[in-house]
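S.K.: My structure file query39.pdb, PDB, C-alpha atoms, is below:
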```pdb
ATOM      1  CA  MET A   1     -26.274 -32.847  18.826
ATOM      2  CA  SER A   2     -26.999 -31.332  15.406
ATOM      3  CA  ALA A   3     -25.004 -28.722  13.558
ATOM      4  CA  ALA A   4     -27.168 -26.054  15.177
ATOM      5  CA  ARG A   5     -25.426 -23.897  17.759
ATOM      6  CA  PRO A   6     -25.035 -25.471  21.233
ATOM      7  CA  ARG A   7     -27.594 -24.250  23.728
ATOM      8  CA  SER A   8     -25.031 -23.624  26.455
ATOM      9  CA  VAL A   9     -21.322 -22.914  26.179
ATOM     10  CA  ALA A  10     -18.645 -22.377  28.801
ATOM     11  CA  VAL A  11     -15.846 -20.242  27.395
ATOM     12  CA  VAL A  12     -12.730 -21.070  29.394
ATOM     13  CA  GLY A  13     -10.013 -18.442  29.143
ATOM     14  CA  ALA A  14     -10.396 -14.679  29.371
ATOM     15  CA  GLY A  15      -7.707 -13.666  26.914
ATOM     16  CA  ARG A  16      -8.189 -11.797  23.650
ATOM     17  CA  LEU A  17     -10.062 -14.496  21.753
ATOM     18  CA  GLY A  18     -11.998 -15.827  24.730
ATOM     19  CA  SER A  19     -13.426 -12.400  25.502
ATOM     20  CA  VAL A  20     -14.553 -11.773  21.931
ATOM     21  CA  LEU A  21     -15.916 -15.302  21.491
ATOM     22  CA  ALA A  22     -18.010 -15.075  24.639
ATOM     23  CA  ARG A  23     -19.645 -11.856  23.424
ATOM     24  CA  ALA A  24     -20.211 -13.227  19.935
ATOM     25  CA  LEU A  25     -21.752 -16.526  21.070
ATOM     26  CA  GLU A  26     -24.026 -14.709  23.478
ATOM     27  CA  GLU A  27     -25.191 -12.424  20.681
ATOM     28  CA  ALA A  28     -25.777 -15.514  18.533
ATOM     29  CA  GLY A  29     -28.217 -16.823  21.127
ATOM     30  CA  SER A  30     -26.253 -19.344  23.173
ATOM     31  CA  ALA A  31     -26.315 -19.309  26.968
ATOM     32  CA  VAL A  32     -22.698 -18.359  27.617
ATOM     33  CA  HIS A  33     -20.809 -18.862  30.865
ATOM     34  CA  GLY A  34     -17.608 -16.874  30.976
ATOM     35  CA  PRO A  35     -15.118 -16.115  29.863
ATOM     36  CA  LEU A  36     -14.036 -18.159  32.880
ATOM     37  CA  ARG A  37     -10.667 -17.679  34.512
ATOM     38  CA  ARG A  38      -8.398 -20.170  36.251
ATOM     39  CA  GLY A  39     -10.119 -21.433  39.369
ATOM     40  CA  ASP A  40     -13.644 -20.422  38.329
ATOM     41  CA  SER A  41     -16.274 -23.138  38.691
ATOM     42  CA  VAL A  42     -17.586 -24.630  35.463
ATOM     43  CA  PRO A  43     -21.347 -25.286  35.223
ATOM     44  CA  VAL A  44     -22.882 -28.204  33.390
ATOM     45  CA  VAL A  45     -22.997 -27.208  29.703
ATOM     46  CA  ASP A  46     -23.361 -28.648  26.232
ATOM     47  CA  VAL A  47     -19.904 -27.457  25.219
ATOM     48  CA  ALA A  48     -16.790 -26.246  27.006
ATOM     49  CA  LEU A  49     -14.647 -24.202  24.624
ATOM     50  CA  LEU A  50     -11.024 -23.820  25.705
ATOM     51  CA  CYS A  51      -9.466 -20.469  24.802
ATOM     52  CA  VAL A  52      -6.225 -21.106  26.680
ATOM     53  CA  PRO A  53      -2.552 -21.321  25.623
ATOM     54  CA  ASP A  54      -1.694 -24.539  23.806
ATOM     55  CA  ALA A  55       0.422 -25.772  26.717
ATOM     56  CA  ALA A  56      -2.562 -25.434  29.061
ATOM     57  CA  ILE A  57      -5.054 -27.400  26.946
ATOM     58  CA  HIS A  58      -4.353 -30.784  28.548
ATOM     59  CA  ASP A  59      -4.989 -29.615  32.138
ATOM     60  CA  ALA A  60      -7.921 -27.370  31.192
ATOM     61  CA  ALA A  61      -9.615 -30.184  29.269
ATOM     62  CA  ALA A  62      -9.278 -32.539  32.219
ATOM     63  CA  ALA A  63     -10.766 -29.918  34.542
ATOM     64  CA  VAL A  64     -13.870 -29.243  32.426
ATOM     65  CA  ARG A  65     -14.517 -32.762  31.129
ATOM     66  CA  PRO A  66     -16.889 -33.754  33.981
ATOM     67  CA  HIS A  67     -19.068 -30.702  33.298
ATOM     68  CA  ALA A  68     -19.410 -30.703  29.506
ATOM     69  CA  ARG A  69     -20.882 -33.058  26.956
ATOM     70  CA  LEU A  70     -18.236 -32.017  24.447
ATOM     71  CA  VAL A  71     -14.921 -30.204  24.903
ATOM     72  CA  GLY A  72     -13.251 -28.195  22.173
ATOM     73  CA  HIS A  73     -10.306 -25.860  21.787
ATOM     74  CA  VAL A  74      -9.554 -22.911  19.507
ATOM     75  CA  SER A  75      -5.899 -23.703  18.790
ATOM     76  CA  GLY A  76      -4.832 -23.819  15.173
ATOM     77  CA  ALA A  77      -1.824 -26.071  15.755
ATOM     78  CA  THR A  78      -2.816 -28.491  18.545
ATOM     79  CA  GLY A  79      -4.342 -31.887  17.865
ATOM     80  CA  LEU A  80      -7.408 -33.545  19.337
ATOM     81  CA  ASP A  81      -5.721 -35.771  21.916
ATOM     82  CA  ASP A  82      -7.404 -34.013  24.857
ATOM     83  CA  VAL A  83     -10.603 -32.674  23.274
ATOM     84  CA  ASP A  84     -13.484 -33.722  21.048
ATOM     85  CA  PHE A  85     -13.208 -30.983  18.428
ATOM     86  CA  ASN A  86     -11.464 -27.787  17.520
ATOM     87  CA  ILE A  87     -12.521 -24.549  15.887
ATOM     88  CA  HIS A  88      -9.839 -22.045  14.872
ATOM     89  CA  PRO A  89     -11.111 -18.642  13.692
ATOM     90  CA  LEU A  90      -8.772 -17.500  10.924
ATOM     91  CA  GLN A  91      -8.424 -13.961  12.188
ATOM     92  CA  THR A  92      -6.242 -11.845  14.454
ATOM     93  CA  PHE A  93      -7.739 -10.419  17.647
ATOM     94  CA  THR A  94      -6.922  -7.667  20.126
ATOM     95  CA  GLY A  95      -9.832  -8.471  22.459
ATOM     96  CA  SER A  96     -11.772  -5.280  21.801
ATOM     97  CA  GLU A  97     -13.525  -6.371  18.582
ATOM     98  CA  SER A  98     -17.283  -6.556  18.206
ATOM     99  CA  PRO A  99     -18.968  -9.906  17.419
ATOM    100  CA  ALA A 100     -19.073  -8.822  13.766
ATOM    101  CA  VAL A 101     -15.346  -9.607  13.530
ATOM    102  CA  PHE A 102     -16.290 -13.240  12.861
ATOM    103  CA  HIS A 103     -18.654 -12.483   9.992
ATOM    104  CA  GLY A 104     -17.353 -13.941   6.740
ATOM    105  CA  ILE A 105     -14.004 -15.180   8.045
ATOM    106  CA  GLY A 106     -12.783 -18.748   7.717
ATOM    107  CA  ALA A 107     -12.866 -21.134  10.664
ATOM    108  CA  ALA A 108     -10.810 -24.322  10.530
ATOM    109  CA  ILE A 109     -12.625 -27.213  12.207
ATOM    110  CA  ASP A 110     -12.151 -30.881  12.953
ATOM    111  CA  GLY A 111     -13.584 -33.435  15.350
ATOM    112  CA  ARG A 112     -13.139 -36.973  16.557
ATOM    113  CA  THR A 113     -16.687 -37.955  15.669
ATOM    114  CA  ALA A 114     -19.386 -36.798  13.282
ATOM    115  CA  GLU A 115     -21.245 -35.238  16.214
ATOM    116  CA  ALA A 116     -18.165 -33.353  17.341
ATOM    117  CA  ARG A 117     -17.481 -32.053  13.832
ATOM    118  CA  ALA A 118     -21.133 -31.013  13.498
ATOM    119  CA  THR A 119     -20.816 -29.094  16.762
ATOM    120  CA  ALA A 120     -17.705 -27.279  15.528
ATOM    121  CA  GLU A 121     -19.496 -26.444  12.295
ATOM    122  CA  GLY A 122     -22.535 -25.197  14.205
ATOM    123  CA  LEU A 123     -20.391 -22.931  16.362
ATOM    124  CA  ALA A 124     -18.663 -21.502  13.288
ATOM    125  CA  ARG A 125     -21.936 -20.816  11.505
ATOM    126  CA  ALA A 126     -23.468 -19.275  14.636
ATOM    127  CA  LEU A 127     -20.555 -16.835  14.687
ATOM    128  CA  GLY A 128     -21.119 -15.966  11.021
ATOM    129  CA  ALA A 129     -17.879 -17.676   9.949
ATOM    130  CA  ARG A 130     -17.263 -20.106   7.075
ATOM    131  CA  PRO A 131     -16.204 -23.520   8.422
ATOM    132  CA  PHE A 132     -13.685 -25.621   6.523
ATOM    133  CA  ARG A 133     -12.129 -28.861   7.653
ATOM    134  CA  VAL A 134      -8.417 -29.271   8.348
ATOM    135  CA  ASP A 135      -7.541 -32.739   9.570
ATOM    136  CA  GLU A 136      -4.885 -33.459  12.139
ATOM    137  CA  ALA A 137      -2.186 -34.456   9.668
ATOM    138  CA  GLN A 138      -2.417 -31.066   7.937
ATOM    139  CA  ARG A 139      -2.838 -28.873  11.012
ATOM    140  CA  ALA A 140       0.780 -27.749  11.390
ATOM    141  CA  GLY A 141       1.033 -26.673   7.750
ATOM    142  CA  TYR A 142      -2.293 -24.864   7.910
ATOM    143  CA  HIS A 143      -1.247 -22.997  11.035
ATOM    144  CA  ALA A 144       2.131 -22.125   9.523
ATOM    145  CA  SER A 145       0.280 -20.553   6.594
ATOM    146  CA  ALA A 146      -1.818 -18.474   8.974
ATOM    147  CA  SER A 147       1.254 -17.385  10.925
ATOM    148  CA  ILE A 148       3.051 -16.301   7.754
ATOM    149  CA  ALA A 149       0.016 -14.272   6.649
ATOM    150  CA  SER A 150      -0.357 -12.530  10.007
ATOM    151  CA  ASN A 151       2.485 -12.856  12.527
ATOM    152  CA  LEU A 152       5.403 -12.924  10.095
ATOM    153  CA  LEU A 153       3.790 -10.195   8.020
ATOM    154  CA  LEU A 154       4.049  -7.912  11.052
ATOM    155  CA  ALA A 155       7.793  -8.562  11.185
ATOM    156  CA  VAL A 156       8.030  -7.440   7.551
ATOM    157  CA  LEU A 157       5.935  -4.331   8.238
ATOM    158  CA  ASP A 158       8.071  -3.521  11.281
ATOM    159  CA  ALA A 159      11.142  -3.761   9.051
ATOM    160  CA  ALA A 160       9.548  -1.327   6.581
ATOM    161  CA  GLU A 161       8.789   1.082   9.425
ATOM    162  CA  ARG A 162      12.350   0.876  10.768
ATOM    163  CA  VAL A 163      13.909   1.447   7.354
ATOM    164  CA  ALA A 164      11.589   4.417   6.829
ATOM    165  CA  GLY A 165      12.850   5.747  10.158
ATOM    166  CA  SER A 166      16.438   5.612   8.918
ATOM    167  CA  ALA A 167      15.250   7.727   5.986
ATOM    168  CA  GLY A 168      14.023  10.395   8.412
ATOM    169  CA  ILE A 169      10.334   9.456   8.638
ATOM    170  CA  ALA A 170       8.846   9.270  12.148
ATOM    171  CA  PRO A 171       7.231   5.919  13.114
ATOM    172  CA  ASP A 172       3.675   7.271  13.302
ATOM    173  CA  ASP A 173       4.108   8.994   9.961
ATOM    174  CA  ALA A 174       5.670   5.889   8.430
ATOM    175  CA  ARG A 175       2.705   3.740   9.374
ATOM    176  CA  ALA A 176       0.218   6.318   8.123
ATOM    177  CA  LEU A 177       2.080   6.710   4.838
ATOM    178  CA  LEU A 178       2.763   3.024   4.226
ATOM    179  CA  ALA A 179      -0.645   1.713   5.322
ATOM    180  CA  PRO A 180      -2.472   2.593   2.069
ATOM    181  CA  LEU A 181       0.271   0.821   0.106
ATOM    182  CA  VAL A 182      -0.034  -2.229   2.369
ATOM    183  CA  HIS A 183      -3.828  -2.259   2.060
ATOM    184  CA  GLN A 184      -3.775  -1.990  -1.733
ATOM    185  CA  THR A 185      -1.085  -4.660  -2.030
ATOM    186  CA  ALA A 186      -3.179  -7.017   0.112
ATOM    187  CA  THR A 187      -6.261  -6.236  -1.967
ATOM    188  CA  ASN A 188      -4.396  -6.916  -5.215
ATOM    189  CA  TRP A 189      -3.059 -10.191  -3.814
ATOM    190  CA  ALA A 190      -6.534 -11.287  -2.687
ATOM    191  CA  GLU A 191      -8.037 -10.499  -6.076
ATOM    192  CA  ARG A 192      -5.255 -11.607  -8.418
ATOM    193  CA  GLY A 193      -2.652 -13.658  -6.564
ATOM    194  CA  ALA A 194       0.909 -12.700  -5.708
ATOM    195  CA  ALA A 195       2.470 -13.198  -9.138
ATOM    196  CA  ASP A 196       0.009 -10.917 -10.925
ATOM    197  CA  ALA A 197       0.060  -8.347  -8.111
ATOM    198  CA  LEU A 198       3.861  -8.030  -8.010
ATOM    199  CA  THR A 199       5.297  -4.641  -8.995
ATOM    200  CA  GLY A 200       8.525  -2.801  -8.259
ATOM    201  CA  PRO A 201      12.192  -2.982  -9.216
ATOM    202  CA  ILE A 202      12.597  -6.752  -8.908
ATOM    203  CA  ALA A 203       9.595  -7.345 -11.157
ATOM    204  CA  ARG A 204      11.124  -4.906 -13.678
ATOM    205  CA  GLY A 205      14.582  -6.462 -13.451
ATOM    206  CA  ASP A 206      15.982  -3.128 -12.212
ATOM    207  CA  GLU A 207      19.000  -4.485 -10.353
ATOM    208  CA  GLY A 208      20.564  -1.049  -9.982
ATOM    209  CA  THR A 209      17.681   0.114  -7.819
ATOM    210  CA  VAL A 210      17.681  -3.156  -5.863
ATOM    211  CA  ALA A 211      21.389  -2.705  -5.141
ATOM    212  CA  ARG A 212      20.912   0.893  -3.977
ATOM    213  CA  GLN A 213      18.094  -0.195  -1.691
ATOM    214  CA  ARG A 214      20.285  -2.902  -0.178
ATOM    215  CA  THR A 215      23.084  -0.413   0.452
ATOM    216  CA  ALA A 216      20.663   1.931   2.202
ATOM    217  CA  VAL A 217      19.430  -0.869   4.448
ATOM    218  CA  ALA A 218      22.989  -1.990   5.213
ATOM    219  CA  GLU A 219      23.957   1.543   6.218
ATOM    220  CA  GLY A 220      20.865   2.500   8.192
ATOM    221  CA  ASN A 221      19.456  -0.803   9.485
ATOM    222  CA  SER A 222      22.129  -3.471   9.233
ATOM    223  CA  GLU A 223      20.164  -5.734  11.588
ATOM    224  CA  MET A 224      17.477  -5.958   8.898
ATOM    225  CA  LEU A 225      19.816  -6.927   6.062
ATOM    226  CA  ALA A 226      19.443 -10.703   6.399
ATOM    227  CA  LEU A 227      15.642 -10.378   6.339
ATOM    228  CA  VAL A 228      15.731  -8.069   3.324
ATOM    229  CA  ASP A 229      18.122 -10.370   1.474
ATOM    230  CA  ALA A 230      15.884 -13.383   2.125
ATOM    231  CA  LEU A 231      12.765 -11.517   1.009
ATOM    232  CA  THR A 232      14.543 -10.197  -2.072
ATOM    233  CA  ALA A 233      15.613 -13.712  -3.057
ATOM    234  CA  GLN A 234      12.072 -15.031  -2.671
ATOM    235  CA  THR A 235      10.654 -12.084  -4.602
ATOM    236  CA  ARG A 236      12.999 -12.935  -7.482
ATOM    237  CA  VAL A 237      11.539 -16.439  -7.512
ATOM    238  CA  LEU A 238       8.065 -14.919  -7.563
ATOM    239  CA  ALA A 239       9.000 -12.570 -10.394
ATOM    240  CA  GLU A 240      10.344 -15.509 -12.381
ATOM    241  CA  SER A 241       7.086 -17.396 -11.923
ATOM    242  CA  ALA A 242       5.138 -14.309 -12.956
ATOM    243  CA  GLY A 243       6.943 -13.647 -16.209
ATOM    244  CA  GLY A 244       8.847 -16.810 -17.046
ATOM    245  CA  ARG A 245      12.061 -14.860 -16.720
ATOM    246  CA  PRO A 246      15.224 -16.803 -15.817
ATOM    247  CA  SER A 247      16.210 -16.346 -12.187
ATOM    248  CA  SER A 248      19.856 -16.171 -13.257
ATOM    249  CA  ARG A 249      19.152 -12.847 -14.905
ATOM    250  CA  PHE A 250      17.984 -11.445 -11.613
ATOM    251  CA  ALA A 251      20.970 -12.891  -9.811
ATOM    252  CA  ASP A 252      23.478 -11.295 -12.210
ATOM    253  CA  PRO A 253      23.235  -7.493 -12.430
ATOM    254  CA  GLU A 254      25.714  -7.497 -15.333
ATOM    255  CA  ARG A 255      23.169  -9.184 -17.598
ATOM    256  CA  PRO A 256      20.757  -6.899 -19.439
ATOM    257  CA  SER A 257      17.167  -6.463 -18.461
ATOM    258  CA  SER A 258      14.328  -7.340 -20.823
ATOM    259  CA  ARG A 259      14.054  -3.688 -21.873
ATOM    260  CA  SER A 260      17.660  -3.350 -22.988
ATOM    261  CA  ALA A 261      17.643  -6.833 -24.534
ATOM    262  CA  ASP A 262      14.630  -5.873 -26.654
ATOM    263  CA  PRO A 263      15.344  -2.390 -28.102
ATOM    264  CA  GLU A 264      12.121  -2.264 -30.082
ATOM    265  CA  ARG A 265      10.000  -3.006 -27.025
ATOM    266  CA  GLY A 266      12.038  -0.490 -25.015
ATOM    267  CA  ALA A 267      11.425   2.177 -27.608
ATOM    268  CA  GLU A 268       7.737   1.313 -27.699
ATOM    269  CA  ARG A 269       7.444   1.778 -23.933
ATOM    270  CA  ARG A 270       9.363   5.057 -24.067
ATOM    271  CA  ASP A 271       6.980   6.307 -26.755
ATOM    272  CA  GLU A 272       4.010   5.322 -24.596
ATOM    273  CA  GLY A 273       5.537   7.191 -21.679
ATOM    274  CA  ARG A 274       5.975  10.377 -23.715
ATOM    275  CA  SER A 275       2.561  10.355 -25.300
ATOM    276  CA  GLY A 276       0.606   9.389 -22.200
ATOM    277  CA  THR A 277      -2.046   7.901 -24.470
ATOM    278  CA  GLY A 278      -1.228   4.184 -24.385
ATOM    279  CA  ALA A 279      -2.536   1.686 -21.868
ATOM    280  CA  GLY A 280       1.062   0.657 -21.321
ATOM    281  CA  ASP A 281       1.736   4.104 -19.860
ATOM    282  CA  ALA A 282      -0.728   3.548 -17.043
ATOM    283  CA  VAL A 283       0.683   0.090 -16.368
ATOM    284  CA  ASP A 284       4.240   1.407 -16.368
ATOM    285  CA  ARG A 285       3.435   4.175 -13.900
ATOM    286  CA  LYS A 286       1.596   1.741 -11.607
ATOM    287  CA  ASP A 287       4.539  -0.633 -11.827
ATOM    288  CA  ARG A 288       6.784   1.974 -10.211
ATOM    289  CA  ALA A 289       5.415   1.226  -6.749
TER     290      ALA A 289
END
```
Write the structure described by the file as structure tokens, please.
M.R.:
Amino acid sequence: MSAARPRSVAVVGAGRLGSVLARALEEAGSAVHGPLRRGDSVPVVDVALLCVPDAAIHDAAAAVRPHARLVGHVSGATGLDDVDFNIHPLQTFTGSESPAVFHGIGAAIDGRTAEARATAEGLARALGARPFRVDEAQRAGYHASASIASNLLLAVLDAAERVAGSAGIAPDDARALLAPLVHQTATNWAERGAADALTGPIARGDEGTVARQRTAVAEGNSEMLALVDALTAQTRVLAESAGGRPSSRFADPERPSSRSADPERGAERRDEGRSGTGAGDAVDRKDRA
């Protein structure tokens, strides 16, 4: 089989991803059977694509193997012991998305044979995704990266929403107000990387503000304090990598910041702030986020 899309595909699993994949592959021109549920009969097809929980892959693969030339799964973390290939769309799904959700996204692929890898690549390209290979030895690290960028990010955003609630902002309002900040931060990170995108009190070495924030979290959302402390520590490491500043300075609020340690530069920035004419003024205001 070439890298062209398979002529017939059985999508096994009617969860969020299975439902969207079935619609997208059908729109791409494949003859799609499914999404099939447990107990449904599987027709003879070129490819059976398993969109089932990782723990169910072994049994599902055994059930479809007699009916499919090649069997693949969509898990990001599971190996190829029970299947011929895998394709993992690097995206989050609710199940209601249109087929366009795959356009331009990454899709991690691998296969036991050249034919199997070509099939995974063909499926990815038929969906409008960009295939890239992740071999079995690197799969866990790759999937951890994806989980940090999506699943763990939601835990951070939930923490922001909860802390906003302790400041008197209703959850719906908090999400609406914070969302533009989240979107712009993500855009800056995508365009420039985390170190260059970093702003805020830790980046400025403003330990007084960091301490007041920590006190507010401790008083209003003590269950979030360990998370905030861990994120603060990692942000200090990021700030150090961004500006070459010693991490010990961030760890010791008694030591002066770069502004107080450099009076001439501090005066220069204050002048820029008063005049409003220097480029540094715009940077300084943006840095207050």
S.K.: Expand the PyMOL selection byres ((chain A and resi 115) around 12) into the explicit residue set it covers here, and present it as a compact mmCIF listing (two decimals) with C-alpha atoms, in the coordinates of the input.
M.R.:
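Result file selection_38.txt:
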```txt
# COMPACT_ATOMS: atom_id res chain seq x y z
CA MET A 1 -26.27 -32.85 18.83
CA SER A 2 -27.00 -31.33 15.41
CA ALA A 3 -25.00 -28.72 13.56
CA ALA A 4 -27.17 -26.05 15.18
CA PRO A 6 -25.04 -25.47 21.23
CA VAL A 47 -19.90 -27.46 25.22
CA ARG A 69 -20.88 -33.06 26.96
CA LEU A 70 -18.24 -32.02 24.45
CA VAL A 71 -14.92 -30.20 24.90
CA ASP A 84 -13.48 -33.72 21.05
CA PHE A 85 -13.21 -30.98 18.43
CA ASP A 110 -12.15 -30.88 12.95
CA GLY A 111 -13.58 -33.44 15.35
CA ARG A 112 -13.14 -36.97 16.56
CA THR A 113 -16.69 -37.96 15.67
CA ALA A 114 -19.39 -36.80 13.28
CA ALA A 116 -18.16 -33.35 17.34
CA ARG A 117 -17.48 -32.05 13.83
CA ALA A 118 -21.13 -31.01 13.50
CA THR A 119 -20.82 -29.09 16.76
CA ALA A 120 -17.70 -27.28 15.53
CA GLU A 121 -19.50 -26.44 12.30
CA GLY A 122 -22.54 -25.20 14.20
```
S.K.: Which residue out of A:Asn188, A:Arg139, A:Leu123, A:Ala48 has the minimum interatomic distance to Ala62 (chain A) when only C-alpha atoms are used?
M.R.: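 Closest candidate: A:Ala48.
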S.K.: With distances taken over all atoms listed in the file, which of A:Val228, A:Val210, A:His33, A:Glu27 is nearest to Ala160 (chain A)?
M.R.: A:Val228
S.K.: State, in Å with one decimal place, the distance from CA of Ala174 (chain A) to CA of Arg162 (chain A).
M.R.: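 Computing the Euclidean distance for CA of Ala174 (chain A) and CA of Arg162 (chain A) yields 8.7 Å.
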S.K.: Quote the spacing between CA of Asn151 (chain A) and CA of Leu90 (chain A) in Å to one decimal place.
M.R.: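 According to the coordinates, CA of Asn151 (chain A) and CA of Leu90 (chain A) are separated by 12.3 Å.
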S.K.: Determine the residue set returned by the PyMOL selection byres ((chain A and resi 54-57) around 9) for the present structure, and present it as an mmCIF file with C-alpha atoms, in the frame of the given file.
M.R.:
```cif
data_model
loop_
_atom_site.group_PDB
_atom_site.id
_atom_site.type_symbol
_atom_site.label_atom_id
_atom_site.label_comp_id
_atom_site.auth_asym_id
_atom_site.auth_seq_id
_atom_site.Cartn_x
_atom_site.Cartn_y
_atom_site.Cartn_z
ATOM 1 C CA LEU A 50 -11.024 -23.820 25.705
ATOM 2 C CA CYS A 51 -9.466 -20.469 24.802
ATOM 3 C CA VAL A 52 -6.225 -21.106 26.680
ATOM 4 C CA PRO A 53 -2.552 -21.321 25.623
ATOM 5 C CA HIS A 58 -4.353 -30.784 28.548
ATOM 6 C CA ASP A 59 -4.989 -29.615 32.138
ATOM 7 C CA ALA A 60 -7.921 -27.370 31.192
ATOM 8 C CA ALA A 61 -9.615 -30.184 29.269
ATOM 9 C CA ALA A 62 -9.278 -32.539 32.219
ATOM 10 C CA HIS A 73 -10.306 -25.860 21.787
ATOM 11 C CA SER A 75 -5.899 -23.703 18.790
ATOM 12 C CA ALA A 77 -1.824 -26.071 15.755
ATOM 13 C CA THR A 78 -2.816 -28.491 18.545
ATOM 14 C CA ASP A 82 -7.404 -34.013 24.857
ATOM 15 C CA VAL A 83 -10.603 -32.674 23.274
#
```
S.K.: If the PyMOL selection byres ((chain A and resi 138) around 12) were run on this exact file, what residues would it hold? Put them as a compact mmCIF listing (two decimals) with C-alpha atoms, in the frame of the given file.
M.R.:
```txt
# COMPACT_ATOMS: atom_id res chain seq x y z
CA GLY A 76 -4.83 -23.82 15.17
CA ALA A 77 -1.82 -26.07 15.76
CA THR A 78 -2.82 -28.49 18.55
CA GLY A 79 -4.34 -31.89 17.86
CA ALA A 108 -10.81 -24.32 10.53
CA ILE A 109 -12.62 -27.21 12.21
CA ASP A 110 -12.15 -30.88 12.95
CA ARG A 133 -12.13 -28.86 7.65
CA VAL A 134 -8.42 -29.27 8.35
CA ASP A 135 -7.54 -32.74 9.57
CA GLU A 136 -4.88 -33.46 12.14
CA ALA A 137 -2.19 -34.46 9.67
CA ARG A 139 -2.84 -28.87 11.01
CA ALA A 140 0.78 -27.75 11.39
CA GLY A 141 1.03 -26.67 7.75
CA TYR A 142 -2.29 -24.86 7.91
CA HIS A 143 -1.25 -23.00 11.04
CA ALA A 144 2.13 -22.12 9.52
CA SER A 145 0.28 -20.55 6.59
```
S.K.: Pick out the closest residue to Ala146 (chain A) from this set: A:Gln91, A:Gly18, A:Gly34, A:Ala203. Count only C-alpha atoms.
M.R.: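 The answer is A:Gln91, which sits nearest to Ala146 (chain A).
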S.K.: Distance CA of Trp189 (chain A)-CA of Pro131 (chain A), one decimal place?
M.R.: 22.4 Å
S.K.: Here is a test: counting all atoms listed in the file, which residue of A:Val45, A:Ile148, A:Leu21, A:Leu153 is nearest to Phe93 (chain A)?
M.R.: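 Of all the options, A:Leu21 lies closest to Phe93 (chain A).
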S.K.: With a distance cut-off of 9 Å and only C-alpha atoms, select the neighbouring residues of Gly29 (chain A), excluding the residue or stretch itself and same-chain residues fewer than 6 positions from it, and output the selection as a list in words.
M.R.: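 Skipping anything fewer than 6 positions along the chain leaves Arg5, Arg7 and Ala126 of chain A.
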S.K.: I'd like the contact shell of Asn221 (chain A) - 12 Å cut-off, all atoms listed in the file, skipping same-chain residues fewer than 3 positions apart - returned as a VMD selection string.
M.R.: chain A and resid 158 to 167 213 to 218 224 to 228
S.K.: Using only C-alpha atoms, which residues sit within 8 Å of Ala195 (chain A) once same-chain residues fewer than 4 positions away are excluded, as a list of chain:residue names?
M.R.: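 After dropping sequence-adjacent residues, the list is A:Leu238, A:Ala239, A:Ser241, A:Ala242.
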S.K.: Go ahead and save the residues from that selection, with C-alpha atoms, as a short mmCIF file (atom, residue, chain, number, x, y, z; two decimals), in the frame of the given file.
M.R.:
```cif
data_model
loop_
_atom_site.label_atom_id
_atom_site.label_comp_id
_atom_site.auth_asym_id
_atom_site.auth_seq_id
_atom_site.Cartn_x
_atom_site.Cartn_y
_atom_site.Cartn_z
CA LEU A 238 8.06 -14.92 -7.56
CA ALA A 239 9.00 -12.57 -10.39
CA SER A 241 7.09 -17.40 -11.92
CA ALA A 242 5.14 -14.31 -12.96
#
```
S.K.: Given only C-alpha atoms as the basis, pick out the residue of A:His88, A:Gly15, A:Ala10, A:Leu127 nearest to Val32 (chain A).
M.R.: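 Using only C-alpha atoms, Val32 (chain A) sits closest to A:Ala10.
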